[in-house]
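Q: One structure, as structure tokens, below. Some questions next.
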Amino acid sequence: MTAPGLLDGVTVLDLSSVGPAARTSRWLADYGARVVKVGPPPKHGGALITPPFYAYAGHRGMQRVLLDLKTPAGVAAFLRLAGTADVVIESFRPGVVDRLGIGPDAVHAVNPGAVYCSTSGYGQTGPRSQWAGHDLNYLAVGGYLACSGRDREGGPALPGATVADSAGGGMQAVIAILAALVARSVTGEGATLDVSIADGVVALMSLNVDEYLATGEVPGPRHSLLTGRYACYDVYPCADGEWLAVGAIEPHFYANLCRALACEQWVDHQTDDAAQDEIRADFRAAFATKPRDVWVAELGPADTCVSEVASVPALARDEHLRARQVFVTASRADGPDFEQVGWPLAGADRTQPGPAVRPPDFTDTDAVLLDAGFAPDEIASLREEGAVA
């Protein structure tokens, strides 16, 4: 039998379809929360993006209810659901939920203990609150791109992951929601959370931003140890054209690396700015003598902080990740089984059976409404009105 999740008994209503809010509910569900996705009926289907079947783990373990929030009956149905929910998550443009009649005040009027979480690019207030944007925009305004590596033209390189949506937005929202639930357990009061993804990126950049605020130093590529100022923290090509990541920050790890590369002459010059070009040249020459995986086998276990730059196909085969049960096999009724990232975050149950991913048009409207206390004749009436589907 699967062990109960850490959030077993917590009910979440999620009004989002993609983006940071969808990541938020995904992670809450992975911790055992009951997540009910709230979407529009088919006649309004164009209003929301339908992600691919594999995205957001295929919304595994979630329920789905379709409500027309542009009708009084649909709004009333939503507020009845919210009356017994613990968390409400939305990602409309600021002001939209209030115009619909499903904003924080409306929800707290029926459920003072609800945690209402709004996620948006720039927050609910401020000059940019109504601006549209995506992950790249928030990384740009939050300082992330300015401090990242450069592309061939000398401009900021595009990131390989949606860092803003995932960490700046989704994980920020999860942290805030969990903190609010802890506070509610003491006070009995809910909360209204204003999750700004741009704010979250600034939080991620705090080491660099705080340095500037305190000293006036302007961070950027190659400015500090963590952005490549020194040869001990960089990437290097190998004999087969594959790449290694070197993160030998501590002096003893750096010394181990120098000795392993027959570069003992540089042991005492780790942070000598005048020597960095020569150190890099010698490191590059050494790494170019063997294929990447040979170096990984030699240096990985040797306290040198060296690892491969893995492609996605390579990490999907990685024996360490496999041993830690990071991937699971999911089934789907309308296609073959496939693998997906399982429950890798600490505290989630990695031993549970592989999930069944349902078709994108699945609904649990009747079951969700019945569970919330709606009578069958009420549900039938709502369907006739087109308020639910």
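Labels used: A, B, ... for chains in the order of the structure tokens, numbers from 1 for residues in each chain, and numbers from 1 for ligands as shown.
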Identify, on the basis of only C-alpha atoms, every residue whose closest approach to Pro41 (chain A) does not exceed 12 Å; exclude the query and any residue fewer than 3 positions from it along the same chain; express the result as a list in words.

A: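 In the requested form, the answer reads Val38, His44, Gly45, Gly46, Ala47, Leu48, Arg64, Val65, Leu66, Leu67, Asp68, Leu69, Lys70, Thr71, Gly74, Asp361, Phe362, Thr363, Thr365, Leu382, Arg383, Glu385, Gly386, Ala387, Val388 and Ala389 of chain A.
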
Q: Excluding region 129-139 of chain A and residues on its chain fewer than 6 positions from it, collect all residues at most 9 Å away from it, counting only C-alpha atoms, and give them as an NGL selection string.

A: :A and (19 or 93-94 or 120-123 or 145-146 or 158-159 or 162-166 or 168 or 197-202)

Q: Could you write those residues out with N, CA and C atoms, as a PDB file, in the first residue's frame?

A:
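Below is the file that was written, part.pdb:
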```
ATOM      1  N   GLY A  19       2.415  26.899 -17.001  1.00  0.00           N
ATOM      2  CA  GLY A  19       3.232  27.906 -16.338  1.00  0.00           C
ATOM      3  C   GLY A  19       3.508  27.631 -14.875  1.00  0.00           C
ATOM      4  N   ARG A  93      -4.288  37.423 -15.255  1.00  0.00           N
ATOM      5  CA  ARG A  93      -3.682  38.738 -15.122  1.00  0.00           C
ATOM      6  C   ARG A  93      -4.291  39.440 -13.911  1.00  0.00           C
ATOM      7  N   PRO A  94      -3.502  40.211 -13.167  1.00  0.00           N
ATOM      8  CA  PRO A  94      -4.036  40.862 -11.967  1.00  0.00           C
ATOM      9  C   PRO A  94      -5.342  41.602 -12.234  1.00  0.00           C
ATOM     10  N   SER A 120       1.777  35.610 -10.845  1.00  0.00           N
ATOM     11  CA  SER A 120       1.820  36.472 -12.031  1.00  0.00           C
ATOM     12  C   SER A 120       3.263  36.846 -12.315  1.00  0.00           C
ATOM     13  N   GLY A 121       3.495  37.396 -13.494  1.00  0.00           N
ATOM     14  CA  GLY A 121       4.854  37.714 -13.881  1.00  0.00           C
ATOM     15  C   GLY A 121       5.499  38.778 -13.016  1.00  0.00           C
ATOM     16  N   TYR A 122       4.761  39.859 -12.776  1.00  0.00           N
ATOM     17  CA  TYR A 122       5.346  40.998 -12.068  1.00  0.00           C
ATOM     18  C   TYR A 122       4.629  41.342 -10.767  1.00  0.00           C
ATOM     19  N   GLY A 123       3.676  40.508 -10.348  1.00  0.00           N
ATOM     20  CA  GLY A 123       2.986  40.766  -9.098  1.00  0.00           C
ATOM     21  C   GLY A 123       1.667  41.485  -9.299  1.00  0.00           C
ATOM     22  N   LEU A 145      20.002  36.915 -16.571  1.00  0.00           N
ATOM     23  CA  LEU A 145      20.661  36.848 -17.875  1.00  0.00           C
ATOM     24  C   LEU A 145      21.943  37.669 -17.903  1.00  0.00           C
ATOM     25  N   ALA A 146      21.954  38.808 -17.253  1.00  0.00           N
ATOM     26  CA  ALA A 146      23.133  39.670 -17.273  1.00  0.00           C
ATOM     27  C   ALA A 146      24.342  39.006 -16.632  1.00  0.00           C
ATOM     28  N   LEU A 158      20.663  31.948 -23.861  1.00  0.00           N
ATOM     29  CA  LEU A 158      19.362  31.501 -23.379  1.00  0.00           C
ATOM     30  C   LEU A 158      19.549  30.316 -22.429  1.00  0.00           C
ATOM     31  N   PRO A 159      18.812  30.295 -21.331  1.00  0.00           N
ATOM     32  CA  PRO A 159      18.970  29.203 -20.362  1.00  0.00           C
ATOM     33  C   PRO A 159      18.405  27.900 -20.901  1.00  0.00           C
ATOM     34  N   THR A 162      13.485  26.443 -17.712  1.00  0.00           N
ATOM     35  CA  THR A 162      12.632  27.575 -17.349  1.00  0.00           C
ATOM     36  C   THR A 162      12.831  27.884 -15.864  1.00  0.00           C
ATOM     37  N   VAL A 163      13.967  28.500 -15.583  1.00  0.00           N
ATOM     38  CA  VAL A 163      14.362  28.749 -14.200  1.00  0.00           C
ATOM     39  C   VAL A 163      13.375  29.687 -13.492  1.00  0.00           C
ATOM     40  N   ALA A 164      12.922  30.714 -14.202  1.00  0.00           N
ATOM     41  CA  ALA A 164      12.004  31.674 -13.586  1.00  0.00           C
ATOM     42  C   ALA A 164      10.666  31.006 -13.262  1.00  0.00           C
ATOM     43  N   ASP A 165      10.089  30.329 -14.239  1.00  0.00           N
ATOM     44  CA  ASP A 165       8.800  29.676 -14.006  1.00  0.00           C
ATOM     45  C   ASP A 165       8.899  28.623 -12.912  1.00  0.00           C
ATOM     46  N   SER A 166       9.973  27.844 -12.938  1.00  0.00           N
ATOM     47  CA  SER A 166      10.090  26.729 -12.001  1.00  0.00           C
ATOM     48  C   SER A 166      10.478  27.181 -10.602  1.00  0.00           C
ATOM     49  N   GLY A 168      11.672  30.581  -9.611  1.00  0.00           N
ATOM     50  CA  GLY A 168      11.217  31.906  -9.228  1.00  0.00           C
ATOM     51  C   GLY A 168       9.728  31.961  -8.973  1.00  0.00           C
ATOM     52  N   ILE A 197       6.819  36.334 -10.180  1.00  0.00           N
ATOM     53  CA  ILE A 197       7.931  35.530 -10.690  1.00  0.00           C
ATOM     54  C   ILE A 197       9.196  36.372 -10.780  1.00  0.00           C
ATOM     55  N   ALA A 198       9.045  37.626 -11.196  1.00  0.00           N
ATOM     56  CA  ALA A 198      10.217  38.509 -11.273  1.00  0.00           C
ATOM     57  C   ALA A 198      10.840  38.706  -9.900  1.00  0.00           C
ATOM     58  N   ASP A 199       9.999  38.887  -8.871  1.00  0.00           N
ATOM     59  CA  ASP A 199      10.521  38.988  -7.514  1.00  0.00           C
ATOM     60  C   ASP A 199      11.286  37.726  -7.138  1.00  0.00           C
ATOM     61  N   GLY A 200      10.736  36.580  -7.545  1.00  0.00           N
ATOM     62  CA  GLY A 200      11.382  35.319  -7.226  1.00  0.00           C
ATOM     63  C   GLY A 200      12.753  35.191  -7.867  1.00  0.00           C
ATOM     64  N   VAL A 201      12.895  35.704  -9.097  1.00  0.00           N
ATOM     65  CA  VAL A 201      14.203  35.671  -9.752  1.00  0.00           C
ATOM     66  C   VAL A 201      15.199  36.543  -8.989  1.00  0.00           C
ATOM     67  N   VAL A 202      14.753  37.710  -8.514  1.00  0.00           N
ATOM     68  CA  VAL A 202      15.635  38.566  -7.721  1.00  0.00           C
ATOM     69  C   VAL A 202      16.095  37.820  -6.463  1.00  0.00           C
TER      70      VAL A 202
END
```

Q: Would you mind telling me which residue in A:Ile249, A:Val296, A:Ala21, A:Ala302 lies nearest to Met171 (chain A) when using only C-alpha atoms?

A: A:Ala21

Q: Can you check which residues of region 168-353 of chain A DSSP gives as strand (DSSP E) on the backbone and send them as a VMD selection string?

A: chain A and resid 191 to 196 233 to 237 243 to 247 306 to 308 327 to 332 335 to 341

Q: Could you give me, as JSON lines, every region 107-165 of chain A residue with an atom at most 9 Å from region 183-193 of chain A, plus its closest atom pair and distance in Å to one decimal, counting only C-alpha atoms, rows ordered by chain then number?

A:
```
{"residue": "A:His108", "atom": "CA", "partner": "A:Gly190", "partner_atom": "CA", "distance": 7.7}
{"residue": "A:Asn111", "atom": "CA", "partner": "A:Gly190", "partner_atom": "CA", "distance": 8.2}
{"residue": "A:Pro112", "atom": "CA", "partner": "A:Gly190", "partner_atom": "CA", "distance": 5.7}
{"residue": "A:Gly113", "atom": "CA", "partner": "A:Gly190", "partner_atom": "CA", "distance": 3.8}
{"residue": "A:Ala114", "atom": "CA", "partner": "A:Gly190", "partner_atom": "CA", "distance": 4.6}
{"residue": "A:Val115", "atom": "CA", "partner": "A:Ala191", "partner_atom": "CA", "distance": 4.7}
{"residue": "A:Tyr116", "atom": "CA", "partner": "A:Thr192", "partner_atom": "CA", "distance": 4.8}
{"residue": "A:Cys117", "atom": "CA", "partner": "A:Leu193", "partner_atom": "CA", "distance": 4.6}
{"residue": "A:Ser118", "atom": "CA", "partner": "A:Leu193", "partner_atom": "CA", "distance": 6.0}
{"residue": "A:Thr119", "atom": "CA", "partner": "A:Leu193", "partner_atom": "CA", "distance": 8.2}
```

Q: Would you save the residues of that selection, restricted to C-alpha atoms, as an mmCIF file, in the first residue's frame?

A:
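Output (part.cif):
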```
data_model
loop_
_atom_site.group_PDB
_atom_site.id
_atom_site.type_symbol
_atom_site.label_atom_id
_atom_site.label_comp_id
_atom_site.auth_asym_id
_atom_site.auth_seq_id
_atom_site.Cartn_x
_atom_site.Cartn_y
_atom_site.Cartn_z
ATOM 1 C CA HIS A 108 -12.430 34.274 2.103
ATOM 2 C CA ASN A 111 -13.825 30.163 3.648
ATOM 3 C CA PRO A 112 -11.743 32.426 5.938
ATOM 4 C CA GLY A 113 -9.127 29.694 6.316
ATOM 5 C CA ALA A 114 -8.351 29.345 2.614
ATOM 6 C CA VAL A 115 -4.845 30.056 1.340
ATOM 7 C CA TYR A 116 -5.344 32.048 -1.858
ATOM 8 C CA CYS A 117 -2.263 32.109 -4.078
ATOM 9 C CA SER A 118 -2.054 34.383 -7.121
ATOM 10 C CA THR A 119 0.908 33.864 -9.438
#
```

Q: Between CA of Ile379 (chain A) and CA of Pro104 (chain A), what is the distance, to one decimal in Å?

A: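 CA of Ile379 (chain A) sits 25.2 Å away from CA of Pro104 (chain A).
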
Q: Quick one: residues within 7 Å of region 277-281 of chain A, only C-alpha atoms counted, chain neighbours fewer than 4 positions away excluded, as number ranges by chain?

A: A: 231, 266, 285

Q: Can you tell me, as a list in words, what residues are no more than 10 Å from Ala297 (chain A) when counting only C-alpha atoms, ignoring any on the same chain fewer than 4 positions away?

A: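 Skipping anything fewer than 4 positions along the chain leaves Arg292, Asp293, Pro301, Ala302, Val306, Ser307 and Glu308 of chain A.
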
Q: Please identify all polymer residues within 9 Å of region 340-349 of chain A, counting only C-alpha atoms, omitting same-chain residues fewer than 4 positions from it, and present them as a PDB file with N, CA, C and O atoms, in the first residue's frame.

A:
```pdb
ATOM      1  N   THR A   2       0.486   2.219  -0.803  1.00  0.00           N
ATOM      2  CA  THR A   2       1.251   3.456  -0.878  1.00  0.00           C
ATOM      3  C   THR A   2       1.112   4.252   0.417  1.00  0.00           C
ATOM      4  O   THR A   2       0.014   4.415   0.946  1.00  0.00           O
ATOM      5  N   ALA A   3       2.228   4.753   0.919  1.00  0.00           N
ATOM      6  CA  ALA A   3       2.200   5.553   2.137  1.00  0.00           C
ATOM      7  C   ALA A   3       1.513   6.885   1.866  1.00  0.00           C
ATOM      8  O   ALA A   3       1.594   7.430   0.765  1.00  0.00           O
ATOM      9  N   PRO A   4       0.806   7.422   2.861  1.00  0.00           N
ATOM     10  CA  PRO A   4       0.160   8.723   2.658  1.00  0.00           C
ATOM     11  C   PRO A   4       1.198   9.812   2.437  1.00  0.00           C
ATOM     12  O   PRO A   4       2.295   9.770   2.989  1.00  0.00           O
ATOM     13  N   GLY A   5       0.854  10.787   1.614  1.00  0.00           N
ATOM     14  CA  GLY A   5       1.759  11.880   1.349  1.00  0.00           C
ATOM     15  C   GLY A   5       1.788  12.864   2.503  1.00  0.00           C
ATOM     16  O   GLY A   5       0.912  12.871   3.372  1.00  0.00           O
ATOM     17  N   LEU A   6       2.807  13.713   2.496  1.00  0.00           N
ATOM     18  CA  LEU A   6       2.939  14.695   3.560  1.00  0.00           C
ATOM     19  C   LEU A   6       1.779  15.683   3.565  1.00  0.00           C
ATOM     20  O   LEU A   6       1.482  16.281   4.601  1.00  0.00           O
ATOM     21  N   TRP A  27       3.692  20.002  -7.871  1.00  0.00           N
ATOM     22  CA  TRP A  27       4.508  19.625  -6.721  1.00  0.00           C
ATOM     23  C   TRP A  27       3.655  19.393  -5.476  1.00  0.00           C
ATOM     24  O   TRP A  27       3.949  18.488  -4.683  1.00  0.00           O
ATOM     25  N   ASP A  30       2.367  16.015  -5.810  1.00  0.00           N
ATOM     26  CA  ASP A  30       3.418  15.024  -5.579  1.00  0.00           C
ATOM     27  C   ASP A  30       3.629  14.769  -4.088  1.00  0.00           C
ATOM     28  O   ASP A  30       4.092  13.696  -3.696  1.00  0.00           O
ATOM     29  N   TYR A  31       3.285  15.753  -3.273  1.00  0.00           N
ATOM     30  CA  TYR A  31       3.378  15.574  -1.824  1.00  0.00           C
ATOM     31  C   TYR A  31       2.086  15.048  -1.216  1.00  0.00           C
ATOM     32  O   TYR A  31       1.968  14.976   0.006  1.00  0.00           O
ATOM     33  N   GLY A  32       1.135  14.683  -2.052  1.00  0.00           N
ATOM     34  CA  GLY A  32      -0.056  14.024  -1.549  1.00  0.00           C
ATOM     35  C   GLY A  32      -1.304  14.869  -1.476  1.00  0.00           C
ATOM     36  O   GLY A  32      -2.358  14.371  -1.044  1.00  0.00           O
ATOM     37  N   TYR A  54       2.476  14.700 -21.875  1.00  0.00           N
ATOM     38  CA  TYR A  54       3.551  14.413 -20.928  1.00  0.00           C
ATOM     39  C   TYR A  54       3.887  15.597 -20.026  1.00  0.00           C
ATOM     40  O   TYR A  54       4.599  15.442 -19.042  1.00  0.00           O
ATOM     41  N   ALA A  57       3.890  16.258 -15.809  1.00  0.00           N
ATOM     42  CA  ALA A  57       3.684  14.855 -15.427  1.00  0.00           C
ATOM     43  C   ALA A  57       2.305  14.357 -15.822  1.00  0.00           C
ATOM     44  O   ALA A  57       1.764  13.429 -15.217  1.00  0.00           O
ATOM     45  N   ARG A 324      18.212   5.933  -7.591  1.00  0.00           N
ATOM     46  CA  ARG A 324      17.428   6.757  -6.669  1.00  0.00           C
ATOM     47  C   ARG A 324      15.960   6.869  -7.084  1.00  0.00           C
ATOM     48  O   ARG A 324      15.209   7.673  -6.548  1.00  0.00           O
ATOM     49  N   GLN A 325      15.550   6.083  -8.066  1.00  0.00           N
ATOM     50  CA  GLN A 325      14.146   6.003  -8.484  1.00  0.00           C
ATOM     51  C   GLN A 325      13.587   7.360  -8.910  1.00  0.00           C
ATOM     52  O   GLN A 325      12.458   7.722  -8.582  1.00  0.00           O
ATOM     53  N   VAL A 326      14.391   8.089  -9.668  1.00  0.00           N
ATOM     54  CA  VAL A 326      13.954   9.404 -10.137  1.00  0.00           C
ATOM     55  C   VAL A 326      12.922   9.283 -11.259  1.00  0.00           C
ATOM     56  O   VAL A 326      12.059  10.154 -11.411  1.00  0.00           O
ATOM     57  N   PHE A 327      12.967   8.202 -12.018  1.00  0.00           N
ATOM     58  CA  PHE A 327      12.053   8.024 -13.144  1.00  0.00           C
ATOM     59  C   PHE A 327      11.054   6.902 -12.859  1.00  0.00           C
ATOM     60  O   PHE A 327      11.364   5.938 -12.154  1.00  0.00           O
ATOM     61  N   VAL A 328       9.865   7.053 -13.421  1.00  0.00           N
ATOM     62  CA  VAL A 328       8.837   6.021 -13.272  1.00  0.00           C
ATOM     63  C   VAL A 328       8.220   5.759 -14.642  1.00  0.00           C
ATOM     64  O   VAL A 328       8.320   6.578 -15.556  1.00  0.00           O
ATOM     65  N   THR A 329       7.562   4.630 -14.762  1.00  0.00           N
ATOM     66  CA  THR A 329       6.834   4.295 -15.982  1.00  0.00           C
ATOM     67  C   THR A 329       5.365   4.637 -15.788  1.00  0.00           C
ATOM     68  O   THR A 329       4.730   4.183 -14.828  1.00  0.00           O
ATOM     69  N   ALA A 330       4.843   5.450 -16.682  1.00  0.00           N
ATOM     70  CA  ALA A 330       3.442   5.847 -16.632  1.00  0.00           C
ATOM     71  C   ALA A 330       2.676   5.148 -17.745  1.00  0.00           C
ATOM     72  O   ALA A 330       3.235   4.832 -18.802  1.00  0.00           O
ATOM     73  N   GLY A 354       3.743   3.233 -10.542  1.00  0.00           N
ATOM     74  CA  GLY A 354       3.737   4.178 -11.653  1.00  0.00           C
ATOM     75  C   GLY A 354       2.335   4.702 -11.904  1.00  0.00           C
ATOM     76  O   GLY A 354       1.348   3.968 -11.763  1.00  0.00           O
ATOM     77  N   PRO A 355       2.214   5.972 -12.275  1.00  0.00           N
ATOM     78  CA  PRO A 355       0.897   6.588 -12.421  1.00  0.00           C
ATOM     79  C   PRO A 355       0.230   6.259 -13.749  1.00  0.00           C
ATOM     80  O   PRO A 355       0.888   5.855 -14.720  1.00  0.00           O
TER      81      PRO A 355
END
```

Q: Just want the 9 Å neighbourhood of Tyr56 (chain A), counted on only C-alpha atoms, with same-chain residues fewer than 5 positions away dropped. Output as a list in words.

A: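 Final neighbour list, sorted by chain and number: Val18, Ala22, Arg23, Arg26 and Pro51 of chain A.
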
Q: If you keep all heavy atoms, can you produce a file of those selected residues as a PDB file, in the first residue's frame?

A:
```pdb
ATOM      1  N   VAL A  18      -1.099  26.076 -17.527  1.00  0.00           N
ATOM      2  CA  VAL A  18       0.337  25.924 -17.778  1.00  0.00           C
ATOM      3  C   VAL A  18       1.083  26.930 -16.917  1.00  0.00           C
ATOM      4  O   VAL A  18       0.490  27.725 -16.202  1.00  0.00           O
ATOM      5  CB  VAL A  18       0.685  26.161 -19.274  1.00  0.00           C
ATOM      6  CG1 VAL A  18       0.049  25.108 -20.156  1.00  0.00           C
ATOM      7  CG2 VAL A  18       0.238  27.565 -19.708  1.00  0.00           C
ATOM      8  N   ALA A  22       0.829  25.940 -12.638  1.00  0.00           N
ATOM      9  CA  ALA A  22       0.665  24.513 -12.910  1.00  0.00           C
ATOM     10  C   ALA A  22       1.802  23.708 -12.287  1.00  0.00           C
ATOM     11  O   ALA A  22       1.603  22.574 -11.835  1.00  0.00           O
ATOM     12  CB  ALA A  22       0.596  24.269 -14.413  1.00  0.00           C
ATOM     13  N   ARG A  23       2.992  24.266 -12.258  1.00  0.00           N
ATOM     14  CA  ARG A  23       4.103  23.594 -11.578  1.00  0.00           C
ATOM     15  C   ARG A  23       3.842  23.527 -10.070  1.00  0.00           C
ATOM     16  O   ARG A  23       4.163  22.534  -9.413  1.00  0.00           O
ATOM     17  CB  ARG A  23       5.412  24.333 -11.848  1.00  0.00           C
ATOM     18  CG  ARG A  23       5.808  24.378 -13.310  1.00  0.00           C
ATOM     19  CD  ARG A  23       6.993  25.308 -13.523  1.00  0.00           C
ATOM     20  NE  ARG A  23       7.140  25.659 -14.918  1.00  0.00           N
ATOM     21  CZ  ARG A  23       7.805  24.936 -15.819  1.00  0.00           C
ATOM     22  NH1 ARG A  23       8.391  23.824 -15.438  1.00  0.00           N
ATOM     23  NH2 ARG A  23       7.893  25.331 -17.070  1.00  0.00           N
ATOM     24  N   ARG A  26       1.432  20.844  -9.359  1.00  0.00           N
ATOM     25  CA  ARG A  26       2.085  19.558  -9.629  1.00  0.00           C
ATOM     26  C   ARG A  26       2.881  19.093  -8.420  1.00  0.00           C
ATOM     27  O   ARG A  26       2.793  17.939  -7.999  1.00  0.00           O
ATOM     28  CB  ARG A  26       3.000  19.708 -10.849  1.00  0.00           C
ATOM     29  CG  ARG A  26       3.946  18.551 -11.157  1.00  0.00           C
ATOM     30  CD  ARG A  26       3.207  17.346 -11.672  1.00  0.00           C
ATOM     31  NE  ARG A  26       2.755  16.467 -10.600  1.00  0.00           N
ATOM     32  CZ  ARG A  26       1.618  15.774 -10.625  1.00  0.00           C
ATOM     33  NH1 ARG A  26       0.802  15.865 -11.645  1.00  0.00           N
ATOM     34  NH2 ARG A  26       1.280  15.001  -9.613  1.00  0.00           N
ATOM     35  N   PRO A  51      -1.657  21.598 -22.619  1.00  0.00           N
ATOM     36  CA  PRO A  51      -0.263  21.158 -22.748  1.00  0.00           C
ATOM     37  C   PRO A  51      -0.181  19.746 -23.317  1.00  0.00           C
ATOM     38  O   PRO A  51      -1.173  19.003 -23.306  1.00  0.00           O
ATOM     39  CB  PRO A  51       0.239  21.202 -21.303  1.00  0.00           C
ATOM     40  CG  PRO A  51      -0.979  21.010 -20.468  1.00  0.00           C
ATOM     41  CD  PRO A  51      -2.105  21.651 -21.224  1.00  0.00           C
TER      42      PRO A  51
END
```

Q: Using Å and a single decimal, report how far CA of Ala316 (chain A) sits from CA of Ser148 (chain A).

A: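 So the answer is 25.8 Å.
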
Q: By how many Å are CA of Trp295 (chain A) and CA of Ala310 (chain A) apart?

A: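 We find that CA of Trp295 (chain A) and CA of Ala310 (chain A) lie 13.6 Å from each other.
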
Q: Report as a PyMOL selection string all protein, DNA and RNA residues lying within 10 Å of Pro251 (chain A), evaluated on only C-alpha atoms, omitting residues in the same chain fewer than 6 positions from it.

A: chain A and resi 232+257+267-271

Q: Out of region 91-216 of chain A, which residues get helix (DSSP H, G or I) from DSSP, as a ChimeraX atom specification?

A: /A:96-100,104-110,135-141,145-147,163-187,197-204,206-215

Q: Which residue, A:Val87, A:Pro313, A:Leu7, A:Pro353, has the smallest gap to Ser331 (chain A) when you use only C-alpha atoms?

A: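 Ranked by minimum distance to Ser331 (chain A), first place goes to A:Pro353.
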
Q: Can you work out which one of A:Ser224, A:Leu28, A:Val107, A:Val246 has the shortest atom-to-atom distance to Tyr212 (chain A), counting only C-alpha atoms?

A: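 Smallest distance to Tyr212 (chain A) is found for A:Ser224.
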
Q: Using only C-alpha atoms, which of the listed residues (A:Ser17, A:Gly142, A:Ser91, A:Phe374) sits closest to Ile49 (chain A)?

A: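 For Ile49 (chain A), the nearest of the candidates is A:Ser17.
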